[in-house]
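Content type PDB, C-alpha atoms, pLDDT in the B column, from the file query_26.pdb:
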MODEL        1
ATOM      1  CA  MET A   1    -117.337 -43.129-119.810  1.00 66.00           C
ATOM      2  CA  LYS A   2    -117.672 -44.333-116.247  1.00 93.00           C
ATOM      3  CA  LYS A   3    -117.503 -42.398-112.988  1.00 97.00           C
ATOM      4  CA  ILE A   4    -115.940 -44.061-109.960  1.00 97.00           C
ATOM      5  CA  PHE A   5    -116.284 -43.148-106.287  1.00 97.00           C
ATOM      6  CA  VAL A   6    -113.021 -43.345-104.315  1.00 97.00           C
ATOM      7  CA  GLY A   7    -113.367 -43.228-100.531  1.00 97.00           C
ATOM      8  CA  ASN A   8    -111.109 -43.496 -97.494  1.00 97.00           C
ATOM      9  CA  LEU A   9    -108.420 -41.393 -99.174  1.00 96.00           C
ATOM     10  CA  ALA A  10    -105.495 -40.138 -97.152  1.00 94.00           C
ATOM     11  CA  TRP A  11    -105.841 -36.365 -96.699  1.00 89.00           C
ATOM     12  CA  ARG A  12    -102.427 -35.816 -98.279  1.00 92.00           C
ATOM     13  CA  ALA A  13    -103.405 -37.599-101.529  1.00 94.00           C
ATOM     14  CA  SER A  14    -103.544 -35.279-104.529  1.00 95.00           C
ATOM     15  CA  GLU A  15    -105.582 -35.424-107.706  1.00 97.00           C
ATOM     16  CA  GLU A  16    -102.365 -36.070-109.648  1.00 97.00           C
ATOM     17  CA  ASP A  17    -101.531 -39.025-107.347  1.00 95.00           C
ATOM     18  CA  LEU A  18    -104.984 -40.479-107.928  1.00 96.00           C
ATOM     19  CA  LYS A  19    -104.714 -40.012-111.681  1.00 97.00           C
ATOM     20  CA  LYS A  20    -101.419 -41.922-111.779  1.00 97.00           C
ATOM     21  CA  LEU A  21    -102.905 -44.730-109.683  1.00 97.00           C
ATOM     22  CA  PHE A  22    -105.941 -45.159-111.957  1.00 98.00           C
ATOM     23  CA  GLU A  23    -104.041 -44.806-115.249  1.00 97.00           C
ATOM     24  CA  ALA A  24    -102.790 -48.363-114.771  1.00 97.00           C
ATOM     25  CA  TYR A  25    -106.350 -49.466-115.617  1.00 97.00           C
ATOM     26  CA  GLY A  26    -107.131 -47.206-118.574  1.00 97.00           C
ATOM     27  CA  ASN A  27    -107.378 -43.651-119.798  1.00 97.00           C
ATOM     28  CA  VAL A  28    -108.438 -41.239-117.035  1.00 98.00           C
ATOM     29  CA  LEU A  29    -110.626 -38.353-118.196  1.00 97.00           C
ATOM     30  CA  SER A  30    -110.929 -36.459-114.906  1.00 97.00           C
ATOM     31  CA  VAL A  31    -110.141 -36.633-111.204  1.00 98.00           C
ATOM     32  CA  LYS A  32    -111.814 -34.627-108.441  1.00 98.00           C
ATOM     33  CA  ILE A  33    -110.996 -34.828-104.729  1.00 97.00           C
ATOM     34  CA  VAL A  34    -113.766 -33.186-102.691  1.00 97.00           C
ATOM     35  CA  ASN A  35    -112.564 -30.481-100.308  1.00 96.00           C
ATOM     36  CA  ASP A  36    -114.287 -28.860 -97.347  1.00 95.00           C
ATOM     37  CA  GLN A  37    -115.628 -25.475 -98.416  1.00 94.00           C
ATOM     38  CA  TYR A  38    -114.484 -23.760 -95.225  1.00 95.00           C
ATOM     39  CA  THR A  39    -111.076 -25.286 -94.508  1.00 94.00           C
ATOM     40  CA  GLY A  40    -110.078 -26.270 -98.047  1.00 92.00           C
ATOM     41  CA  LYS A  41    -108.866 -29.634 -96.716  1.00 94.00           C
ATOM     42  CA  SER A  42    -109.740 -32.944 -98.347  1.00 94.00           C
ATOM     43  CA  LYS A  43    -112.887 -34.664 -97.110  1.00 96.00           C
ATOM     44  CA  GLY A  44    -111.225 -38.020 -97.790  1.00 96.00           C
ATOM     45  CA  PHE A  45    -113.141 -38.961-100.923  1.00 97.00           C
ATOM     46  CA  GLY A  46    -113.289 -38.126-104.597  1.00 97.00           C
ATOM     47  CA  PHE A  47    -114.294 -39.215-108.073  1.00 97.00           C
ATOM     48  CA  VAL A  48    -112.396 -40.543-111.068  1.00 98.00           C
ATOM     49  CA  GLU A  49    -113.894 -40.590-114.541  1.00 98.00           C
ATOM     50  CA  MET A  50    -112.539 -43.292-116.843  1.00 97.00           C
ATOM     51  CA  GLU A  51    -112.857 -43.299-120.624  1.00 97.00           C
ATOM     52  CA  THR A  52    -114.356 -46.795-120.831  1.00 96.00           C
ATOM     53  CA  ALA A  53    -116.643 -48.894-118.683  1.00 96.00           C
ATOM     54  CA  GLU A  54    -114.132 -51.741-118.995  1.00 97.00           C
ATOM     55  CA  GLY A  55    -111.348 -49.571-117.567  1.00 97.00           C
ATOM     56  CA  ALA A  56    -113.624 -48.466-114.748  1.00 97.00           C
ATOM     57  CA  GLN A  57    -114.529 -52.070-113.873  1.00 97.00           C
ATOM     58  CA  ALA A  58    -110.857 -53.075-113.957  1.00 97.00           C
ATOM     59  CA  ALA A  59    -109.964 -50.183-111.632  1.00 97.00           C
ATOM     60  CA  ILE A  60    -112.784 -51.044-109.212  1.00 97.00           C
ATOM     61  CA  GLY A  61    -111.710 -54.687-109.119  1.00 97.00           C
ATOM     62  CA  GLY A  62    -108.026 -53.864-108.824  1.00 97.00           C
ATOM     63  CA  LEU A  63    -108.144 -51.049-106.285  1.00 97.00           C
ATOM     64  CA  ASN A  64    -111.106 -51.655-103.966  1.00 98.00           C
ATOM     65  CA  ASP A  65    -109.862 -52.460-100.450  1.00 97.00           C
ATOM     66  CA  LYS A  66    -106.228 -52.011-101.537  1.00 96.00           C
ATOM     67  CA  GLU A  67    -103.834 -50.132 -99.265  1.00 96.00           C
ATOM     68  CA  TYR A  68    -102.823 -46.707-100.573  1.00 95.00           C
ATOM     69  CA  GLU A  69    -100.902 -44.164 -98.495  1.00 93.00           C
ATOM     70  CA  GLY A  70    -101.628 -46.126 -95.310  1.00 94.00           C
ATOM     71  CA  ARG A  71    -105.391 -46.526 -95.861  1.00 96.00           C
ATOM     72  CA  ASN A  72    -107.548 -49.162 -97.545  1.00 97.00           C
ATOM     73  CA  LEU A  73    -109.355 -47.519-100.465  1.00 97.00           C
ATOM     74  CA  ARG A  74    -113.083 -47.913-101.015  1.00 97.00           C
ATOM     75  CA  VAL A  75    -113.615 -47.947-104.769  1.00 97.00           C
ATOM     76  CA  SER A  76    -117.026 -48.428-106.393  1.00 97.00           C
ATOM     77  CA  ALA A  77    -119.186 -47.199-109.251  1.00 96.00           C
ATOM     78  CA  ALA A  78    -120.410 -43.697-108.457  1.00 94.00           C
ATOM     79  CA  GLN A  79    -124.143 -43.259-107.914  1.00 90.00           C
ATOM     80  CA  ASP A  80    -125.926 -40.580-109.911  1.00 83.00           C
ATOM     81  CA  ARG A  81    -127.147 -37.667-107.835  1.00 77.00           C
ATOM     82  CA  PRO A  82    -130.905 -37.224-107.757  1.00 75.00           C
ATOM     83  CA  SER A  83    -131.898 -34.539-110.247  1.00 67.00           C
ATOM     84  CA  GLU A  84    -134.521 -33.012-107.977  1.00 60.00           C
ATOM     85  CA  GLY A  85    -133.747 -32.083-104.389  1.00 57.00           C
ATOM     86  CA  ARG A  86    -131.528 -34.153-102.160  1.00 54.00           C
ATOM     87  CA  GLY A  87    -133.853 -37.021-101.421  1.00 54.00           C
ATOM     88  CA  PRO A  88    -135.537 -37.912 -98.145  1.00 57.00           C
ATOM     89  CA  GLY A  89    -134.729 -35.701 -95.202  1.00 56.00           C
ATOM     90  CA  GLY A  90    -133.308 -32.970 -97.416  1.00 54.00           C
ATOM     91  CA  GLY A  91    -134.504 -29.458 -97.774  1.00 55.00           C
ATOM     92  CA  GLY A  92    -134.636 -27.364 -94.687  1.00 56.00           C
ATOM     93  CA  GLY A  93    -132.892 -24.041 -94.678  1.00 57.00           C
ATOM     94  CA  GLY A  94    -135.083 -21.054 -95.301  1.00 58.00           C
ATOM     95  CA  GLY A  95    -136.470 -19.472 -92.178  1.00 57.00           C
ATOM     96  CA  GLY A  96    -134.568 -16.512 -90.892  1.00 58.00           C
ATOM     97  CA  TYR A  97    -135.687 -12.952 -91.380  1.00 55.00           C
ATOM     98  CA  GLY A  98    -135.066 -12.436 -95.090  1.00 57.00           C
ATOM     99  CA  ASP A  99    -135.162  -8.721 -95.801  1.00 59.00           C
ATOM    100  CA  ARG A 100    -137.115  -7.912 -92.612  1.00 59.00           C
ATOM    101  CA  GLU A 101    -135.438  -6.483 -89.571  1.00 63.00           C
ATOM    102  CA  ARG A 102    -135.466  -8.590 -86.452  1.00 61.00           C
ATOM    103  CA  ARG A 103    -137.559  -7.208 -83.611  1.00 61.00           C
ATOM    104  CA  PRO A 104    -135.860  -6.955 -80.253  1.00 61.00           C
ATOM    105  CA  SER A 105    -136.786  -9.792 -77.942  1.00 58.00           C
ATOM    106  CA  SER A 106    -139.252  -9.037 -75.180  1.00 59.00           C
ATOM    107  CA  GLY A 107    -138.495 -12.143 -73.174  1.00 60.00           C
ATOM    108  CA  GLY A 108    -140.415 -14.693 -75.224  1.00 58.00           C
ATOM    109  CA  TYR A 109    -144.082 -15.593 -75.708  1.00 58.00           C
ATOM    110  CA  GLY A 110    -144.712 -12.682 -78.043  1.00 58.00           C
ATOM    111  CA  ASP A 111    -147.175 -10.028 -76.934  1.00 55.00           C
ATOM    112  CA  ARG A 112    -148.906 -11.903 -74.113  1.00 57.00           C
ATOM    113  CA  ASP A 113    -150.365  -9.975 -71.254  1.00 57.00           C
ATOM    114  CA  ARG A 114    -147.672 -10.311 -68.593  1.00 56.00           C
ATOM    115  CA  SER A 115    -149.867  -9.000 -65.775  1.00 59.00           C
ATOM    116  CA  ARG A 116    -151.893 -12.187 -65.848  1.00 59.00           C
ATOM    117  CA  ASN A 117    -151.116 -14.996 -63.375  1.00 60.00           C
ATOM    118  CA  ARG A 118    -149.038 -12.811 -61.091  1.00 58.00           C
ATOM    119  CA  ASN A 119    -149.875 -13.077 -57.392  1.00 57.00           C
TER     120      ASN A 119
ENDMDL
END
Any chance you could give the structure as C-alpha coordinates?
Amino acid sequence: MKKIFVGNLAWRASEEDLKKLFEAYGNVLSVKIVNDQYTGKSKGFGFVEMETAEGAQAAIGGLNDKEYEGRNLRVSAAQDRPSEGRGPGGGGGGGGYGDRERRPSSGGYGDRDRSRNRN
(Lines of atoms letter the chains of each structure in order from A and count residues from 1; the text may use other names and numbers.)
(Lines give C-alpha, C1' and ligand atoms only; values in the text may rest on other atoms or scores of the structure.)
Protein backbone atom coordinates (compact mmCIF):
# COMPACT_ATOMS: atom_id res chain seq x y z
CA MET A 1 0.00 0.00 0.00
CA LYS A 2 1.13 3.53 -0.74
CA LYS A 3 -0.36 6.84 0.35
CA ILE A 4 -0.22 9.78 -2.05
CA PHE A 5 -0.61 13.49 -1.32
CA VAL A 6 -2.72 15.37 -3.89
CA GLY A 7 -2.53 19.16 -3.71
CA ASN A 8 -3.88 22.14 -5.65
CA LEU A 9 -7.27 20.46 -6.06
CA ALA A 10 -10.19 22.46 -7.38
CA TRP A 11 -12.66 23.05 -4.53
CA ARG A 12 -15.44 21.40 -6.54
CA ALA A 13 -13.50 18.12 -6.94
CA SER A 14 -15.10 15.21 -5.11
CA GLU A 15 -13.61 12.08 -3.61
CA GLU A 16 -15.39 10.04 -6.30
CA ASP A 17 -13.82 12.21 -9.04
CA LEU A 18 -10.39 11.67 -7.54
CA LYS A 19 -10.94 7.93 -7.25
CA LYS A 20 -11.85 7.68 -10.95
CA LEU A 21 -8.78 9.72 -11.91
CA PHE A 22 -6.39 7.50 -9.93
CA GLU A 23 -7.98 4.18 -10.92
CA ALA A 24 -6.29 4.51 -14.30
CA TYR A 25 -3.03 3.71 -12.47
CA GLY A 26 -4.14 0.85 -10.22
CA ASN A 27 -6.54 -0.24 -7.53
CA VAL A 28 -7.51 2.62 -5.21
CA LEU A 29 -8.08 1.61 -1.58
CA SER A 30 -9.21 4.97 -0.19
CA VAL A 31 -9.60 8.65 -1.03
CA LYS A 32 -9.86 11.52 1.45
CA ILE A 33 -10.26 15.20 0.57
CA VAL A 34 -9.50 17.36 3.62
CA ASN A 35 -12.26 19.80 4.53
CA ASP A 36 -12.21 22.86 6.78
CA GLN A 37 -13.73 21.94 10.13
CA TYR A 38 -15.73 25.16 10.37
CA THR A 39 -16.99 25.74 6.83
CA GLY A 40 -17.00 22.15 5.57
CA LYS A 41 -15.41 23.33 2.31
CA SER A 42 -12.43 21.61 0.72
CA LYS A 43 -9.00 22.86 1.74
CA GLY A 44 -7.74 22.03 -1.76
CA PHE A 45 -5.76 18.91 -0.90
CA GLY A 46 -6.29 15.27 -0.07
CA PHE A 47 -4.84 11.79 0.04
CA VAL A 48 -5.22 8.70 -2.12
CA GLU A 49 -4.18 5.27 -0.93
CA MET A 50 -3.19 2.84 -3.69
CA GLU A 51 -2.99 -0.93 -3.31
CA THR A 52 0.56 -1.22 -4.64
CA ALA A 53 3.68 0.91 -4.54
CA GLU A 54 3.98 0.44 -8.31
CA GLY A 55 0.50 1.88 -8.87
CA ALA A 56 1.31 4.79 -6.58
CA GLN A 57 4.54 5.56 -8.46
CA ALA A 58 2.71 5.35 -11.80
CA ALA A 59 0.03 7.75 -10.53
CA ILE A 60 2.62 10.21 -9.20
CA GLY A 61 4.50 10.15 -12.50
CA GLY A 62 1.35 10.39 -14.59
CA LEU A 63 -0.57 13.02 -12.66
CA ASN A 64 1.94 15.39 -11.04
CA ASP A 65 1.68 18.85 -12.64
CA LYS A 66 -1.17 17.69 -14.90
CA GLU A 67 -4.17 19.96 -15.41
CA TYR A 68 -7.34 18.75 -13.71
CA GLU A 69 -10.49 20.87 -13.42
CA GLY A 70 -8.55 24.00 -14.38
CA ARG A 71 -5.65 23.53 -11.93
CA ASN A 72 -2.27 21.81 -12.14
CA LEU A 73 -2.23 18.99 -9.58
CA ARG A 74 0.64 18.51 -7.15
CA VAL A 75 1.01 14.77 -6.63
CA SER A 76 3.71 13.22 -4.45
CA ALA A 77 4.30 10.46 -1.92
CA ALA A 78 2.63 11.40 1.35
CA GLN A 79 4.91 12.04 4.32
CA ASP A 80 4.20 10.18 7.54
CA ARG A 81 2.97 12.39 10.36
CA PRO A 82 5.26 12.57 13.36
CA SER A 83 4.00 10.20 16.04
CA GLU A 84 4.74 12.58 18.89
CA GLY A 85 3.56 16.18 18.83
CA ARG A 86 3.53 18.28 15.71
CA GLY A 87 7.21 18.98 15.37
CA PRO A 88 9.05 22.26 15.83
CA GLY A 89 6.92 25.26 16.66
CA GLY A 90 3.95 23.10 17.62
CA GLY A 91 2.25 22.90 20.93
CA GLY A 92 0.86 26.05 22.35
CA GLY A 93 -2.75 26.14 23.40
CA GLY A 94 -3.38 25.67 27.07
CA GLY A 95 -3.53 28.87 29.04
CA GLY A 96 -6.97 30.22 29.67
CA TYR A 97 -8.76 29.88 32.96
CA GLY A 98 -9.60 26.17 33.02
CA ASP A 99 -12.21 25.59 35.70
CA ARG A 100 -11.41 28.85 37.53
CA GLU A 101 -13.58 31.90 37.19
CA ARG A 102 -12.02 34.94 35.62
CA ARG A 103 -11.54 37.88 37.97
CA PRO A 104 -12.87 41.20 36.79
CA SER A 105 -10.17 43.44 35.39
CA SER A 106 -8.98 46.28 37.58
CA GLY A 107 -7.25 48.16 34.79
CA GLY A 108 -4.10 46.07 34.49
CA TYR A 109 -0.91 45.64 36.53
CA GLY A 110 -2.59 43.43 39.09
CA ASP A 111 -2.78 44.68 42.66
CA ARG A 112 -0.21 47.48 42.49
CA ASP A 113 -0.56 50.44 44.76
CA ARG A 114 -2.17 53.02 42.48
CA SER A 115 -1.56 55.93 44.85
CA ARG A 116 2.14 55.80 44.11
CA ASN A 117 3.64 58.16 41.50
CA ARG A 118 0.64 60.46 41.42
CA ASN A 119 1.44 64.17 41.69
Item checked: Sel. within 8 Å of pt (-118.7, -43.0, -108.4), counting only C-alpha atoms, output as a PyMOL selection string -> chain A and resi 3-6+47-48+75-80
Item checked: Answer key for the PyMOL selection byres ((chain A and resi 50) around 8), residues as a PyMOL selection string -> chain A and resi 1-4+26-30+48-49+51-53+55-56
Give, as AutoDock Vina command-line options, the centre coordinates and the x, y and z edge lengths in Å to one decimal for an axis-aligned box around all listed atoms of range 44-55 of chain A, padded by 5 Å on each side.
--center_x -113.9 --center_y -44.9 --center_z -109.3 --size_x 15.4 --size_y 23.7 --size_z 33.0
Notebook entry, point to check: Between CA of Tyr38 in chain A and CA of Asn64 in chain A, what is the distance, to one decimal in Å?
Noted result: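 Taking CA of Tyr38 in chain A as the start and CA of Asn64 in chain A as the end point, the length is 29.4 Å.
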Notebook entry, point to check: Which value, in Å to one decimal, gives the distance between CA of Ile33 in chain A and CA of Glu15 in chain A?
Noted result: 6.2 Å
Notebook entry, point to check: So what do you get for CA of Arg74 in chain A versus CA of Phe45 in chain A, distance-wise?
Noted result: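 Computing it gives 9.0 Å between the two atoms.
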Output file: range 45-70 of chain A, N, CA and C atoms, as a PDB file, in the first residue's frame:
ATOM      1  N   PHE A  45      -6.710  20.022  -0.853  1.00  0.00           N
ATOM      2  CA  PHE A  45      -5.762  18.912  -0.903  1.00  0.00           C
ATOM      3  C   PHE A  45      -6.397  17.665  -0.306  1.00  0.00           C
ATOM      4  N   GLY A  46      -5.777  16.524  -0.590  1.00  0.00           N
ATOM      5  CA  GLY A  46      -6.291  15.274  -0.067  1.00  0.00           C
ATOM      6  C   GLY A  46      -5.263  14.172  -0.189  1.00  0.00           C
ATOM      7  N   PHE A  47      -5.712  12.951   0.064  1.00  0.00           N
ATOM      8  CA  PHE A  47      -4.836  11.787   0.044  1.00  0.00           C
ATOM      9  C   PHE A  47      -5.529  10.642  -0.671  1.00  0.00           C
ATOM     10  N   VAL A  48      -4.731   9.891  -1.435  1.00  0.00           N
ATOM     11  CA  VAL A  48      -5.221   8.705  -2.120  1.00  0.00           C
ATOM     12  C   VAL A  48      -4.328   7.548  -1.693  1.00  0.00           C
ATOM     13  N   GLU A  49      -4.936   6.447  -1.312  1.00  0.00           N
ATOM     14  CA  GLU A  49      -4.176   5.268  -0.933  1.00  0.00           C
ATOM     15  C   GLU A  49      -4.333   4.225  -2.026  1.00  0.00           C
ATOM     16  N   MET A  50      -3.203   3.837  -2.612  1.00  0.00           N
ATOM     17  CA  MET A  50      -3.189   2.844  -3.687  1.00  0.00           C
ATOM     18  C   MET A  50      -2.832   1.476  -3.104  1.00  0.00           C
ATOM     19  N   GLU A  51      -3.261   0.433  -3.795  1.00  0.00           N
ATOM     20  CA  GLU A  51      -2.994  -0.927  -3.308  1.00  0.00           C
ATOM     21  C   GLU A  51      -1.509  -1.290  -3.394  1.00  0.00           C
ATOM     22  N   THR A  52      -0.847  -0.855  -4.467  1.00  0.00           N
ATOM     23  CA  THR A  52       0.562  -1.217  -4.644  1.00  0.00           C
ATOM     24  C   THR A  52       1.444   0.016  -4.764  1.00  0.00           C
ATOM     25  N   ALA A  53       2.706  -0.169  -4.402  1.00  0.00           N
ATOM     26  CA  ALA A  53       3.677   0.913  -4.541  1.00  0.00           C
ATOM     27  C   ALA A  53       3.895   1.240  -6.013  1.00  0.00           C
ATOM     28  N   GLU A  54       3.809   0.216  -6.869  1.00  0.00           N
ATOM     29  CA  GLU A  54       3.982   0.444  -8.309  1.00  0.00           C
ATOM     30  C   GLU A  54       2.863   1.321  -8.863  1.00  0.00           C
ATOM     31  N   GLY A  55       1.638   1.058  -8.444  1.00  0.00           N
ATOM     32  CA  GLY A  55       0.499   1.878  -8.867  1.00  0.00           C
ATOM     33  C   GLY A  55       0.631   3.304  -8.379  1.00  0.00           C
ATOM     34  N   ALA A  56       1.116   3.450  -7.144  1.00  0.00           N
ATOM     35  CA  ALA A  56       1.306   4.786  -6.579  1.00  0.00           C
ATOM     36  C   ALA A  56       2.355   5.554  -7.364  1.00  0.00           C
ATOM     37  N   GLN A  57       3.485   4.897  -7.687  1.00  0.00           N
ATOM     38  CA  GLN A  57       4.535   5.559  -8.461  1.00  0.00           C
ATOM     39  C   GLN A  57       4.041   5.940  -9.855  1.00  0.00           C
ATOM     40  N   ALA A  58       3.263   5.062 -10.466  1.00  0.00           N
ATOM     41  CA  ALA A  58       2.710   5.353 -11.796  1.00  0.00           C
ATOM     42  C   ALA A  58       1.772   6.565 -11.733  1.00  0.00           C
ATOM     43  N   ALA A  59       0.958   6.628 -10.687  1.00  0.00           N
ATOM     44  CA  ALA A  59       0.027   7.754 -10.530  1.00  0.00           C
ATOM     45  C   ALA A  59       0.785   9.053 -10.293  1.00  0.00           C
ATOM     46  N   ILE A  60       1.820   9.005  -9.469  1.00  0.00           N
ATOM     47  CA  ILE A  60       2.623  10.210  -9.197  1.00  0.00           C
ATOM     48  C   ILE A  60       3.263  10.696 -10.492  1.00  0.00           C
ATOM     49  N   GLY A  61       3.860   9.780 -11.235  1.00  0.00           N
ATOM     50  CA  GLY A  61       4.500  10.152 -12.499  1.00  0.00           C
ATOM     51  C   GLY A  61       3.519  10.642 -13.547  1.00  0.00           C
ATOM     52  N   GLY A  62       2.335  10.037 -13.573  1.00  0.00           N
ATOM     53  CA  GLY A  62       1.353  10.387 -14.591  1.00  0.00           C
ATOM     54  C   GLY A  62       0.513  11.606 -14.292  1.00  0.00           C
ATOM     55  N   LEU A  63       0.358  11.945 -13.009  1.00  0.00           N
ATOM     56  CA  LEU A  63      -0.571  13.022 -12.658  1.00  0.00           C
ATOM     57  C   LEU A  63       0.078  14.277 -12.078  1.00  0.00           C
ATOM     58  N   ASN A  64       1.317  14.199 -11.603  1.00  0.00           N
ATOM     59  CA  ASN A  64       1.940  15.390 -11.042  1.00  0.00           C
ATOM     60  C   ASN A  64       2.078  16.469 -12.112  1.00  0.00           C
ATOM     61  N   ASP A  65       1.645  17.667 -11.774  1.00  0.00           N
ATOM     62  CA  ASP A  65       1.684  18.845 -12.639  1.00  0.00           C
ATOM     63  C   ASP A  65       0.760  18.738 -13.855  1.00  0.00           C
ATOM     64  N   LYS A  66      -0.185  17.807 -13.821  1.00  0.00           N
ATOM     65  CA  LYS A  66      -1.170  17.688 -14.899  1.00  0.00           C
ATOM     66  C   LYS A  66      -2.386  18.534 -14.564  1.00  0.00           C
ATOM     67  N   GLU A  67      -2.977  19.131 -15.584  1.00  0.00           N
ATOM     68  CA  GLU A  67      -4.166  19.964 -15.411  1.00  0.00           C
ATOM     69  C   GLU A  67      -5.375  19.078 -15.106  1.00  0.00           C
ATOM     70  N   TYR A  68      -6.108  19.450 -14.076  1.00  0.00           N
ATOM     71  CA  TYR A  68      -7.344  18.751 -13.711  1.00  0.00           C
ATOM     72  C   TYR A  68      -8.320  19.789 -13.169  1.00  0.00           C
ATOM     73  N   GLU A  69      -9.456  19.903 -13.797  1.00  0.00           N
ATOM     74  CA  GLU A  69     -10.492  20.867 -13.416  1.00  0.00           C
ATOM     75  C   GLU A  69      -9.941  22.292 -13.337  1.00  0.00           C
ATOM     76  N   GLY A  70      -9.064  22.639 -14.294  1.00  0.00           N
ATOM     77  CA  GLY A  70      -8.550  24.000 -14.384  1.00  0.00           C
ATOM     78  C   GLY A  70      -7.345  24.302 -13.516  1.00  0.00           C
TER      79      GLY A  70
END
